[in-house]
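I have placed the structure first, in the form of structure tokens, so that the comments after it can refer back to it.
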Amino acid sequence: MATKLGLPNLGLGLGLRSQHFEHILKKKPAVDWFEVISENFMDSHGMPRYILQQIAEQYPVVMHGVSLSIGSTDPLNLDYLKNLKQLASEVKPAWISDHLCWTGVLTTNSHDLLPLPLNEDSLKHVCNRIRQVQDYLERPLIVENPSTYASFNNSTLSEWEFLRIMTEETGCGLLLDVNNVYVSSFNNDFDPLEYINGIPHDRVVQMHLAGHQNCGNYIIDTHDREVTHQVWKLFQQAYQLSGEASILLEWDGNIPHFDVYHSELLKSKQYMDATFAGIQTKVLSLDKEQVSNPLNLFAMNKFYRH
């Protein structure tokens with residue numbers, strides 16, 4: 001059933017991880033859909049691409065990128081867009097998403113999702129580039145709010161204001177990462193509920209949930225553990241406002257057995273109920289800092305924050 005931007009509500013999905021390939025192909029678990037990291041498959045025509053094609057024949061798939069670099073001052077990478085569009089033609093994803101960030105400059109990829117100053121100049125720049133990407137891909141781009149660890153003195157807009165104007169100007173959709181909202185609010189001292197209330201709810205096509213590492217004075221978006229109670233409660237609020245969005249759980253470090261991963265996703269059903277009180281869980285803190293989201297399925301020591 002088509003909902004926002006003419007895109008379907010896919011239900012409850014999981015980030016596709018290589019550890020679970022065999023389980024998925026053999027057991028065909030009752031998951032509504034899978035999200036794949038686009039870069040893990042764009043340049044591969046071997047086994048990973050073959051497995052993805054098999055999974056895409058059985059489940060709806062969404063392509064989620066980490067290298068579009070929509071905020072960079074470099075020209076858009078046309079080779080990247082060509083490969084992205086080619087993969088989409090094979091996989092036929094429900095949509096393609098990436099982040100409100102930049103990943104490098106002078107053709108160098110930092111392999112991180114770097115924040116933008118949020119002002120009129122950066123807004124105009126990002127909107128122009130989103131339009132170009134949408135024209136090339138011939139579909140709306142779904143843009144995710146990143147986790148941030150610092151803010152810019154020359155920012156004149158809140159992130160939720162930026163996102164609202166961005167969607168109005170370009171017609172793009174939003175991927176609301178609820179964990180990223182909580183992480184950024186803690187690190188940058190703003191009210192996460194004000195953020196949730198301020199975004200354009202009719203543009204939220206998808207939501208992300210994930211775990212994070214609380215280091216005391218700051219939080220790192222690690223995707224390496226269960227979703228915290230605070231993020232679940234924020235999701236509960238966001239869902240009441242944005243509803244009809246596809247829900248996706250990410251888990252990128254210390255990846256558990258598929259059944260554990262899936263069970264964490266299914267908790268979201270309880271939090272879709274506005275009256276559910278939830279269960280308090282212990283906040284974990286590690287001495288060693290980590291960051292999230294492996295780009296390469298077979299090089300798990302390389303990570304992206306996302």
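Labels used: A, B, ... for chains in the order of the structure tokens, numbers from 1 for residues in each chain, and numbers from 1 for ligands as shown.
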
Problem - Residues near Ser72 of chain A, cut-off 12 Å, only C-alpha atoms, skip fewer than 2 positions along chain, as number ranges by chain - result: A: 67-70, 74-77, 99-110, 113-117, 122, 125-126, 128-130

Exercise for the section: Excluding Trp95 of chain A and any residue of its chain fewer than 6 positions from it, enumerate the residues within 12 Å of it, using only C-alpha atoms, and give them as an MDAnalysis selection string. Expected result: chainID A and resid 4:10 34:36 38 60:65 84:85 88:89 134 137:143 172:175 205:206 246

Residues from last step as file, N, CA and C atoms, as a compact mmCIF listing (two decimals), in the first residue's frame:
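Saved result, result.txt, follows:
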# COMPACT_ATOMS: atom_id res chain seq x y z
N LYS A 4 3.54 7.63 2.04
CA LYS A 4 4.22 8.91 1.82
C LYS A 4 5.07 8.87 0.56
N LEU A 5 4.97 9.95 -0.22
CA LEU A 5 5.69 10.09 -1.47
C LEU A 5 5.37 8.96 -2.45
N GLY A 6 4.23 8.31 -2.25
CA GLY A 6 3.87 7.19 -3.10
C GLY A 6 4.67 5.93 -2.81
N LEU A 7 5.40 5.92 -1.68
CA LEU A 7 6.25 4.78 -1.32
C LEU A 7 5.53 3.89 -0.30
N PRO A 8 5.80 2.59 -0.31
CA PRO A 8 5.06 1.68 0.57
C PRO A 8 5.55 1.73 2.02
N ASN A 9 4.67 1.37 2.93
CA ASN A 9 5.08 1.07 4.30
C ASN A 9 5.48 -0.39 4.33
N LEU A 10 6.78 -0.65 4.44
CA LEU A 10 7.29 -2.01 4.33
C LEU A 10 7.14 -2.82 5.61
N PHE A 34 14.60 -5.96 4.12
CA PHE A 34 16.00 -5.76 4.49
C PHE A 34 16.54 -4.47 3.88
N GLU A 35 17.42 -3.84 4.63
CA GLU A 35 18.14 -2.66 4.13
C GLU A 35 19.60 -3.05 3.91
N VAL A 36 20.14 -2.68 2.75
CA VAL A 36 21.53 -3.01 2.44
C VAL A 36 22.34 -1.73 2.34
N SER A 38 24.57 0.29 0.30
CA SER A 38 24.75 0.28 -1.16
C SER A 38 26.18 -0.02 -1.56
N PRO A 60 11.36 -7.50 0.06
CA PRO A 60 11.61 -6.11 -0.34
C PRO A 60 12.96 -5.65 0.18
N VAL A 61 13.64 -4.83 -0.59
CA VAL A 61 14.97 -4.34 -0.23
C VAL A 61 15.01 -2.82 -0.39
N VAL A 62 15.73 -2.16 0.51
CA VAL A 62 16.01 -0.74 0.42
C VAL A 62 17.52 -0.56 0.35
N MET A 63 17.99 0.36 -0.48
CA MET A 63 19.42 0.65 -0.59
C MET A 63 19.76 1.89 0.22
N HIS A 64 20.74 1.74 1.13
CA HIS A 64 21.12 2.81 2.05
C HIS A 64 22.59 3.13 1.86
N GLY A 65 22.90 4.36 1.43
CA GLY A 65 24.26 4.73 1.10
C GLY A 65 24.98 5.48 2.19
N LEU A 84 25.43 3.32 -8.59
CA LEU A 84 24.28 3.25 -7.70
C LEU A 84 23.00 2.96 -8.49
N LYS A 85 22.85 3.66 -9.60
CA LYS A 85 21.65 3.48 -10.43
C LYS A 85 21.64 2.09 -11.07
N ALA A 88 20.54 -0.35 -8.49
CA ALA A 88 19.10 -0.19 -8.26
C ALA A 88 18.30 -0.85 -9.38
N SER A 89 18.80 -0.80 -10.61
CA SER A 89 18.08 -1.41 -11.72
C SER A 89 18.02 -2.93 -11.58
N GLN A 134 18.23 13.44 -7.57
CA GLN A 134 16.90 12.92 -7.86
C GLN A 134 16.64 12.88 -9.36
N LEU A 137 18.73 9.85 -10.63
CA LEU A 137 18.21 8.54 -10.22
C LEU A 137 16.76 8.33 -10.65
N GLU A 138 16.10 9.42 -11.03
CA GLU A 138 14.70 9.38 -11.46
C GLU A 138 13.79 8.83 -10.36
N ARG A 139 14.05 9.30 -9.15
CA ARG A 139 13.26 8.92 -7.99
C ARG A 139 13.59 9.88 -6.85
N PRO A 140 12.70 10.02 -5.86
CA PRO A 140 13.03 10.87 -4.71
C PRO A 140 14.14 10.25 -3.87
N LEU A 141 15.03 11.08 -3.37
CA LEU A 141 16.06 10.63 -2.45
C LEU A 141 15.50 10.71 -1.04
N ILE A 142 15.81 9.72 -0.21
CA ILE A 142 15.41 9.72 1.19
C ILE A 142 16.65 10.06 2.01
N VAL A 143 16.58 11.14 2.79
CA VAL A 143 17.76 11.69 3.46
C VAL A 143 17.67 11.45 4.96
N CYS A 172 12.17 15.69 -1.42
CA CYS A 172 12.79 14.46 -0.94
C CYS A 172 12.06 13.97 0.32
N GLY A 173 12.36 12.75 0.71
CA GLY A 173 11.80 12.18 1.93
C GLY A 173 12.81 12.17 3.05
N LEU A 174 12.35 11.78 4.24
CA LEU A 174 13.22 11.72 5.42
C LEU A 174 13.34 10.29 5.93
N LEU A 175 14.56 9.95 6.29
CA LEU A 175 14.83 8.75 7.08
C LEU A 175 15.15 9.27 8.48
N VAL A 205 9.56 8.69 5.70
CA VAL A 205 9.30 7.44 4.98
C VAL A 205 9.78 6.24 5.80
N GLN A 206 10.86 6.44 6.55
CA GLN A 206 11.50 5.34 7.26
C GLN A 206 12.07 5.85 8.58
N SER A 246 8.25 2.91 7.60
CA SER A 246 8.91 1.61 7.70
C SER A 246 9.98 1.69 8.78

Exercise for the section: Choose the residue, out of A:Gly13, A:Gly71, A:Pro256, A:Pro192, that has the smallest atom-to-atom separation from Asp224 of chain A; count only C-alpha atoms. Expected result: A:Pro256

List as CSV every residue of segment 72-130 of chain A that is in contact with segment 43-58 of chain A, defined as an atom at most 12 Å from one of its atoms (using only C-alpha atoms), together with the nearest atom pair and the distance in Å rounded to one decimal, sorted by chain and then rising number.
residue,atom,partner,partner_atom,distance
A:Asp79,CA,A:Asp43,CA,10.9
A:Tyr80,CA,A:Asp43,CA,9.6
A:Leu81,CA,A:Asp43,CA,11.9
A:Lys82,CA,A:Asp43,CA,11.0
A:Asn83,CA,A:Asp43,CA,7.4
A:Leu84,CA,A:Asp43,CA,9.2
A:Lys85,CA,A:Asp43,CA,11.9
A:Gln86,CA,A:Asp43,CA,10.2
A:Leu87,CA,A:Asp43,CA,9.0
A:Ala88,CA,A:Gln53,CA,10.9
A:Ser89,CA,A:Gln53,CA,11.2
A:Glu90,CA,A:Gln53,CA,7.6
A:Val91,CA,A:Ala56,CA,6.1
A:Lys92,CA,A:Ala56,CA,8.0
A:Pro93,CA,A:Ala56,CA,8.3
A:Ala94,CA,A:Ala56,CA,10.6

Exercise for the section: Give the strand (DSSP E or B) residues of segment 30-241 of chain A, as assigned by DSSP on the backbone, as JSON, numbers by chain. Expected result: {"A": [33, 34, 35, 36, 37, 61, 62, 63, 64, 96, 97, 98, 99, 102, 103, 104, 105, 108, 109, 110, 111, 112, 113, 114, 141, 142, 143, 144, 173, 174, 175, 176, 177, 204, 205, 206, 207, 208, 209, 213, 214, 219, 220]}

Exercise for the section: Rounded to one decimal place, report the atom CA of Tyr182 of chain A-atom CA of Gln213 of chain A distance in Å. Expected result: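 Between these atoms lies a distance of 11.7 Å.
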
Pull the alpha helix (DSSP H) assignments for segment 62-186 of chain A out of DSSP run on the backbone, and list those residues as a JSON list (two decimals) with N, CA, C and O atoms, in the first residue's frame.
[["chain", "number", "residue", "atom", "x", "y", "z"],
["A", 78, "LEU", "N", 29.80, 11.32, -10.51],
["A", 78, "LEU", "CA", 28.92, 10.72, -11.50],
["A", 78, "LEU", "C", 29.17, 9.22, -11.67],
["A", 78, "LEU", "O", 28.25, 8.46, -11.98],
["A", 79, "ASP", "N", 30.42, 8.79, -11.46],
["A", 79, "ASP", "CA", 30.69, 7.35, -11.51],
["A", 79, "ASP", "C", 29.97, 6.64, -10.38],
["A", 79, "ASP", "O", 29.41, 5.54, -10.56],
["A", 80, "TYR", "N", 29.99, 7.26, -9.20],
["A", 80, "TYR", "CA", 29.28, 6.69, -8.05],
["A", 80, "TYR", "C", 27.79, 6.59, -8.37],
["A", 80, "TYR", "O", 27.15, 5.55, -8.14],
["A", 81, "LEU", "N", 27.21, 7.67, -8.89],
["A", 81, "LEU", "CA", 25.79, 7.68, -9.18],
["A", 81, "LEU", "C", 25.43, 6.66, -10.27],
["A", 81, "LEU", "O", 24.37, 6.02, -10.21],
["A", 82, "LYS", "N", 26.32, 6.52, -11.24],
["A", 82, "LYS", "CA", 26.08, 5.53, -12.29],
["A", 82, "LYS", "C", 26.02, 4.13, -11.71],
["A", 82, "LYS", "O", 25.12, 3.33, -12.04],
["A", 83, "ASN", "N", 26.97, 3.79, -10.84],
["A", 83, "ASN", "CA", 27.00, 2.46, -10.23],
["A", 83, "ASN", "C", 25.81, 2.25, -9.29],
["A", 83, "ASN", "O", 25.26, 1.15, -9.20],
["A", 84, "LEU", "N", 25.43, 3.32, -8.59],
["A", 84, "LEU", "CA", 24.28, 3.25, -7.70],
["A", 84, "LEU", "C", 23.00, 2.96, -8.49],
["A", 84, "LEU", "O", 22.18, 2.10, -8.12],
["A", 85, "LYS", "N", 22.85, 3.66, -9.60],
["A", 85, "LYS", "CA", 21.65, 3.48, -10.43],
["A", 85, "LYS", "C", 21.64, 2.09, -11.07],
["A", 85, "LYS", "O", 20.57, 1.48, -11.21],
["A", 86, "GLN", "N", 22.80, 1.60, -11.45],
["A", 86, "GLN", "CA", 22.88, 0.26, -12.04],
["A", 86, "GLN", "C", 22.47, -0.80, -11.04],
["A", 86, "GLN", "O", 21.71, -1.72, -11.36],
["A", 87, "LEU", "N", 22.98, -0.68, -9.79],
["A", 87, "LEU", "CA", 22.59, -1.63, -8.75],
["A", 87, "LEU", "C", 21.08, -1.56, -8.51],
["A", 87, "LEU", "O", 20.42, -2.59, -8.36],
["A", 88, "ALA", "N", 20.54, -0.35, -8.49],
["A", 88, "ALA", "CA", 19.10, -0.19, -8.26],
["A", 88, "ALA", "C", 18.30, -0.85, -9.38],
["A", 88, "ALA", "O", 17.23, -1.42, -9.14],
["A", 89, "SER", "N", 18.80, -0.80, -10.61],
["A", 89, "SER", "CA", 18.08, -1.41, -11.72],
["A", 89, "SER", "C", 18.02, -2.93, -11.58],
["A", 89, "SER", "O", 17.08, -3.57, -12.06],
["A", 90, "GLU", "N", 19.01, -3.50, -10.88],
["A", 90, "GLU", "CA", 19.04, -4.95, -10.67],
["A", 90, "GLU", "C", 18.23, -5.36, -9.44],
["A", 90, "GLU", "O", 17.50, -6.35, -9.47],
["A", 91, "VAL", "N", 18.39, -4.60, -8.36],
["A", 91, "VAL", "CA", 17.80, -4.97, -7.08],
["A", 91, "VAL", "C", 16.35, -4.49, -6.97],
["A", 91, "VAL", "O", 15.54, -5.06, -6.26],
["A", 120, "GLU", "N", 21.69, 29.23, 5.71],
["A", 120, "GLU", "CA", 21.05, 29.43, 4.41],
["A", 120, "GLU", "C", 21.94, 28.99, 3.25],
["A", 120, "GLU", "O", 21.47, 28.43, 2.26],
["A", 121, "ASP", "N", 23.24, 29.24, 3.37],
["A", 121, "ASP", "CA", 24.16, 28.86, 2.29],
["A", 121, "ASP", "C", 24.23, 27.35, 2.12],
["A", 121, "ASP", "O", 24.17, 26.83, 1.00],
["A", 122, "SER", "N", 24.41, 26.63, 3.24],
["A", 122, "SER", "CA", 24.51, 25.18, 3.15],
["A", 122, "SER", "C", 23.17, 24.57, 2.73],
["A", 122, "SER", "O", 23.13, 23.57, 2.01],
["A", 123, "LEU", "N", 22.07, 25.18, 3.15],
["A", 123, "LEU", "CA", 20.74, 24.69, 2.75],
["A", 123, "LEU", "C", 20.57, 24.80, 1.24],
["A", 123, "LEU", "O", 20.13, 23.84, 0.58],
["A", 124, "LYS", "N", 20.92, 25.93, 0.68],
["A", 124, "LYS", "CA", 20.81, 26.11, -0.78],
["A", 124, "LYS", "C", 21.69, 25.12, -1.51],
["A", 124, "LYS", "O", 21.27, 24.52, -2.52],
["A", 125, "HIS", "N", 22.91, 24.93, -1.02],
["A", 125, "HIS", "CA", 23.87, 24.00, -1.63],
["A", 125, "HIS", "C", 23.32, 22.57, -1.61],
["A", 125, "HIS", "O", 23.32, 21.87, -2.64],
["A", 126, "VAL", "N", 22.83, 22.14, -0.47],
["A", 126, "VAL", "CA", 22.32, 20.78, -0.33],
["A", 126, "VAL", "C", 21.09, 20.57, -1.19],
["A", 126, "VAL", "O", 20.95, 19.54, -1.87],
["A", 127, "CYS", "N", 20.19, 21.54, -1.21],
["A", 127, "CYS", "CA", 18.97, 21.41, -2.01],
["A", 127, "CYS", "C", 19.29, 21.28, -3.50],
["A", 127, "CYS", "O", 18.68, 20.45, -4.20],
["A", 128, "ASN", "N", 20.24, 22.07, -3.98],
["A", 128, "ASN", "CA", 20.63, 21.98, -5.38],
["A", 128, "ASN", "C", 21.17, 20.59, -5.72],
["A", 128, "ASN", "O", 20.86, 20.02, -6.78],
["A", 129, "ARG", "N", 21.97, 20.04, -4.81],
["A", 129, "ARG", "CA", 22.57, 18.73, -5.07],
["A", 129, "ARG", "C", 21.53, 17.61, -4.97],
["A", 129, "ARG", "O", 21.57, 16.64, -5.73],
["A", 130, "ILE", "N", 20.59, 17.73, -4.04],
["A", 130, "ILE", "CA", 19.52, 16.73, -3.94],
["A", 130, "ILE", "C", 18.71, 16.71, -5.23],
["A", 130, "ILE", "O", 18.38, 15.64, -5.76],
["A", 131, "ARG", "N", 18.41, 17.88, -5.77],
["A", 131, "ARG", "CA", 17.66, 17.93, -7.02],
["A", 131, "ARG", "C", 18.42, 17.23, -8.15],
["A", 131, "ARG", "O", 17.83, 16.49, -8.95],
["A", 132, "GLN", "N", 19.73, 17.46, -8.21],
["A", 132, "GLN", "CA", 20.53, 16.81, -9.25],
["A", 132, "GLN", "C", 20.51, 15.29, -9.09],
["A", 132, "GLN", "O", 20.39, 14.55, -10.08],
["A", 133, "VAL", "N", 20.65, 14.83, -7.85],
["A", 133, "VAL", "CA", 20.66, 13.38, -7.59],
["A", 133, "VAL", "C", 19.31, 12.78, -7.95],
["A", 133, "VAL", "O", 19.23, 11.72, -8.59],
["A", 134, "GLN", "N", 18.23, 13.44, -7.57],
["A", 134, "GLN", "CA", 16.90, 12.92, -7.86],
["A", 134, "GLN", "C", 16.64, 12.88, -9.36],
["A", 134, "GLN", "O", 16.04, 11.93, -9.87],
["A", 135, "ASP", "N", 17.10, 13.89, -10.06],
["A", 135, "ASP", "CA", 16.93, 13.90, -11.52],
["A", 135, "ASP", "C", 17.69, 12.74, -12.15],
["A", 135, "ASP", "O", 17.19, 12.08, -13.08],
["A", 136, "TYR", "N", 18.91, 12.48, -11.65],
["A", 136, "TYR", "CA", 19.73, 11.41, -12.21],
["A", 136, "TYR", "C", 19.14, 10.03, -11.89],
["A", 136, "TYR", "O", 19.05, 9.16, -12.77],
["A", 137, "LEU", "N", 18.73, 9.85, -10.63],
["A", 137, "LEU", "CA", 18.21, 8.54, -10.22],
["A", 137, "LEU", "C", 16.76, 8.33, -10.65],
["A", 137, "LEU", "O", 16.26, 7.21, -10.59],
["A", 159, "GLU", "N", 18.58, 21.70, 13.22],
["A", 159, "GLU", "CA", 18.57, 20.63, 12.23],
["A", 159, "GLU", "C", 17.16, 20.31, 11.78],
["A", 159, "GLU", "O", 16.93, 20.02, 10.59],
["A", 160, "TRP", "N", 16.18, 20.37, 12.68],
["A", 160, "TRP", "CA", 14.82, 20.06, 12.28],
["A", 160, "TRP", "C", 14.25, 21.14, 11.36],
["A", 160, "TRP", "O", 13.49, 20.82, 10.44],
["A", 161, "GLU", "N", 14.64, 22.38, 11.56],
["A", 161, "GLU", "CA", 14.23, 23.44, 10.62],
["A", 161, "GLU", "C", 14.86, 23.21, 9.25],
["A", 161, "GLU", "O", 14.21, 23.38, 8.21],
["A", 162, "PHE", "N", 16.13, 22.87, 9.25],
["A", 162, "PHE", "CA", 16.86, 22.60, 8.01],
["A", 162, "PHE", "C", 16.17, 21.47, 7.24],
["A", 162, "PHE", "O", 15.93, 21.58, 6.03],
["A", 163, "LEU", "N", 15.83, 20.38, 7.94],
["A", 163, "LEU", "CA", 15.19, 19.25, 7.29],
["A", 163, "LEU", "C", 13.82, 19.62, 6.74],
["A", 163, "LEU", "O", 13.43, 19.18, 5.65],
["A", 164, "ARG", "N", 13.08, 20.41, 7.48],
["A", 164, "ARG", "CA", 11.75, 20.81, 7.02],
["A", 164, "ARG", "C", 11.84, 21.61, 5.72],
["A", 164, "ARG", "O", 11.14, 21.31, 4.74],
["A", 165, "ILE", "N", 12.72, 22.60, 5.69],
["A", 165, "ILE", "CA", 12.85, 23.42, 4.48],
["A", 165, "ILE", "C", 13.42, 22.60, 3.33],
["A", 165, "ILE", "O", 12.97, 22.72, 2.19],
["A", 166, "MET", "N", 14.37, 21.75, 3.62],
["A", 166, "MET", "CA", 15.00, 20.90, 2.61],
["A", 166, "MET", "C", 13.96, 20.02, 1.90],
["A", 166, "MET", "O", 13.95, 19.91, 0.67],
["A", 167, "THR", "N", 13.06, 19.42, 2.68],
["A", 167, "THR", "CA", 12.04, 18.56, 2.06],
["A", 167, "THR", "C", 11.03, 19.38, 1.27],
["A", 167, "THR", "O", 10.56, 18.95, 0.21],
["A", 168, "GLU", "N", 10.71, 20.57, 1.77],
["A", 168, "GLU", "CA", 9.77, 21.44, 1.05],
["A", 168, "GLU", "C", 10.35, 21.88, -0.29],
["A", 168, "GLU", "O", 9.65, 21.93, -1.31],
["A", 169, "GLU", "N", 11.64, 22.20, -0.30],
["A", 169, "GLU", "CA", 12.28, 22.74, -1.51],
["A", 169, "GLU", "C", 12.56, 21.67, -2.56],
["A", 169, "GLU", "O", 12.58, 21.96, -3.76],
["A", 170, "THR", "N", 12.81, 20.43, -2.13],
["A", 170, "THR", "CA", 13.27, 19.40, -3.06],
["A", 170, "THR", "C", 12.27, 18.27, -3.29],
["A", 170, "THR", "O", 12.41, 17.53, -4.27],
["A", 178, "VAL", "N", 16.10, 7.70, 14.92],
["A", 178, "VAL", "CA", 15.72, 8.12, 16.27],
["A", 178, "VAL", "C", 16.92, 8.05, 17.21],
["A", 178, "VAL", "O", 17.11, 8.93, 18.06],
["A", 179, "ASN", "N", 17.75, 7.04, 17.05],
["A", 179, "ASN", "CA", 18.95, 6.96, 17.88],
["A", 179, "ASN", "C", 19.88, 8.14, 17.62],
["A", 179, "ASN", "O", 20.45, 8.71, 18.56],
["A", 180, "ASN", "N", 20.01, 8.54, 16.35],
["A", 180, "ASN", "CA", 20.86, 9.69, 16.03],
["A", 180, "ASN", "C", 20.33, 10.98, 16.65],
["A", 180, "ASN", "O", 21.10, 11.84, 17.07],
["A", 181, "VAL", "N", 19.01, 11.13, 16.69],
["A", 181, "VAL", "CA", 18.43, 12.30, 17.35],
["A", 181, "VAL", "C", 18.83, 12.32, 18.82],
["A", 181, "VAL", "O", 19.25, 13.36, 19.35],
["A", 182, "TYR", "N", 18.72, 11.18, 19.47],
["A", 182, "TYR", "CA", 19.06, 11.12, 20.90],
["A", 182, "TYR", "C", 20.55, 11.38, 21.12],
["A", 182, "TYR", "O", 20.94, 12.16, 21.99],
["A", 183, "VAL", "N", 21.40, 10.73, 20.32],
["A", 183, "VAL", "CA", 22.84, 10.92, 20.43],
["A", 183, "VAL", "C", 23.22, 12.39, 20.22],
["A", 183, "VAL", "O", 23.96, 12.98, 21.01],
["A", 184, "SER", "N", 22.71, 12.99, 19.16],
["A", 184, "SER", "CA", 23.03, 14.38, 18.85],
["A", 184, "SER", "C", 22.50, 15.33, 19.91],
["A", 184, "SER", "O", 23.16, 16.32, 20.26],
["A", 185, "SER", "N", 21.32, 15.05, 20.44],
["A", 185, "SER", "CA", 20.74, 15.93, 21.46],
["A", 185, "SER", "C", 21.58, 15.92, 22.72],
["A", 185, "SER", "O", 21.76, 16.96, 23.36],
["A", 186, "PHE", "N", 22.09, 14.77, 23.09],
["A", 186, "PHE", "CA", 22.94, 14.66, 24.27],
["A", 186, "PHE", "C", 24.26, 15.38, 24.05],
["A", 186, "PHE", "O", 24.72, 16.16, 24.89]]
